[in-house]
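Quick notes on the structure that follows.
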Amino acid sequence: MRVTVHVTRRPEIADPQGKAVSRALADLEYDNVRQVRIDRTIHLDIDNDDPEEVEYQVDSMCNEVLVNPVLEDYHVEIQR
């Protein structure tokens with residue numbers, strides 16, 4: 001199964017990379033950009049046909065290594 005994990009920084013957490021890109025865009029005269037947030041997308045190919053088991057496994061991966069639960073949230077999409 002193909003799994004996509006969307007990792008987003010929590011809104012109350014500062015995003016220095018987003019701030020740097022925002023400043024660069026302003027320097028290039030893209031004045032209509034209000035805010036930039038930089039997030040991550042992780043793609044996994046998992047050899048398992050049971051979507052519930054895959055979801056459980058990916059949640060475990062996220063909580064153990066893929067996501068910092070203090071700073072980030074995540075959303076999992078499973079495609080068969």
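Labels for the structure tokens follow display order: chains A, B, ..., residues from 1 in each chain, ligands from 1.
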
>> Env of Val36 (chain A): 9 Å cut, atoms = only C-alpha atoms, seq-sep filter 3 positions within chain, self excluded. Answer as a list of chain:residue names.
In response: A:Asp15, A:Gln17, A:Gly18, A:Lys19, A:Ala20, A:Val21, A:Ser22, A:Val33

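The shell of residues at most 12 Å from Glu53 (chain A), with only C-alpha atoms counted and near chain neighbours (fewer than 6 positions) removed, consists of Met1, Ile46, Asp47, Asp59, Ser60 and Ile78 of chain A.
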
Go ahead and write the residues just picked, N, CA, C and O atoms, as a PDB file, in the first residue's frame.
```pdb
ATOM      1  N   MET A   1       0.833  -1.182   0.000  1.00  0.00           N
ATOM      2  CA  MET A   1       0.000   0.000   0.000  1.00  0.00           C
ATOM      3  C   MET A   1       0.871   1.236   0.000  1.00  0.00           C
ATOM      4  O   MET A   1       1.935   1.245   0.589  1.00  0.00           O
ATOM      5  N   ILE A  46       4.284   0.219   1.680  1.00  0.00           N
ATOM      6  CA  ILE A  46       4.267  -0.817   2.705  1.00  0.00           C
ATOM      7  C   ILE A  46       3.658  -2.084   2.121  1.00  0.00           C
ATOM      8  O   ILE A  46       2.590  -2.047   1.508  1.00  0.00           O
ATOM      9  N   ASP A  47       4.364  -3.186   2.307  1.00  0.00           N
ATOM     10  CA  ASP A  47       3.866  -4.490   1.845  1.00  0.00           C
ATOM     11  C   ASP A  47       2.902  -5.064   2.876  1.00  0.00           C
ATOM     12  O   ASP A  47       3.292  -5.800   3.784  1.00  0.00           O
ATOM     13  N   ASP A  59       0.874   4.943  12.308  1.00  0.00           N
ATOM     14  CA  ASP A  59       0.722   5.765  13.514  1.00  0.00           C
ATOM     15  C   ASP A  59       1.881   5.515  14.474  1.00  0.00           C
ATOM     16  O   ASP A  59       2.430   6.459  15.056  1.00  0.00           O
ATOM     17  N   SER A  60       2.262   4.263  14.633  1.00  0.00           N
ATOM     18  CA  SER A  60       3.402   3.936  15.497  1.00  0.00           C
ATOM     19  C   SER A  60       4.687   4.565  14.973  1.00  0.00           C
ATOM     20  O   SER A  60       5.470   5.130  15.738  1.00  0.00           O
ATOM     21  N   ILE A  78      -4.025   6.652   3.125  1.00  0.00           N
ATOM     22  CA  ILE A  78      -3.666   5.320   2.649  1.00  0.00           C
ATOM     23  C   ILE A  78      -4.343   5.085   1.305  1.00  0.00           C
ATOM     24  O   ILE A  78      -5.553   5.226   1.188  1.00  0.00           O
TER      25      ILE A  78
END
```

> For His43 (chain A), which residue among A:Glu12, A:Val58, A:Tyr30, A:Pro69 is the nearest when counting only C-alpha atoms?
Replying inline: A:Val58

> Just asking: which residues within region 10-51 of chain A are strand (DSSP E) according to DSSP, as a PyMOL selection string?
Replying inline: chain A and resi 40-45

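All residues within region 39-76 of chain A that the backbone DSSP calculation assigns to alpha helix (DSSP H) are Pro51, Glu52, Glu53, Val54, Glu55, Tyr56, Gln57, Val58, Asp59, Ser60 and Met61 of chain A.
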
> Could you pull the residues within 6 Å of His6 (chain A), counting only C-alpha atoms, minus those fewer than 2 positions along the same chain, as a list of chain:residue names?
Replying inline: A:Thr41, A:Tyr74, A:His75

Just-selected residues, N, CA and C atoms written as an mmCIF file, in the first residue's frame:
```cif
data_model
loop_
_atom_site.group_PDB
_atom_site.id
_atom_site.type_symbol
_atom_site.label_atom_id
_atom_site.label_comp_id
_atom_site.auth_asym_id
_atom_site.auth_seq_id
_atom_site.Cartn_x
_atom_site.Cartn_y
_atom_site.Cartn_z
ATOM 1 N N THR A 41 6.008 16.240 3.604
ATOM 2 C CA THR A 41 5.209 15.112 3.144
ATOM 3 C C THR A 41 6.133 13.910 3.055
ATOM 4 N N TYR A 74 0.101 15.430 12.370
ATOM 5 C CA TYR A 74 0.196 14.683 11.118
ATOM 6 C C TYR A 74 -1.151 14.127 10.713
ATOM 7 N N HIS A 75 -1.256 13.860 9.432
ATOM 8 C CA HIS A 75 -2.455 13.261 8.848
ATOM 9 C C HIS A 75 -1.985 12.170 7.890
#
```

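Note that CA of Glu52 (chain A) and CA of Arg9 (chain A) are 25.8 Å apart.
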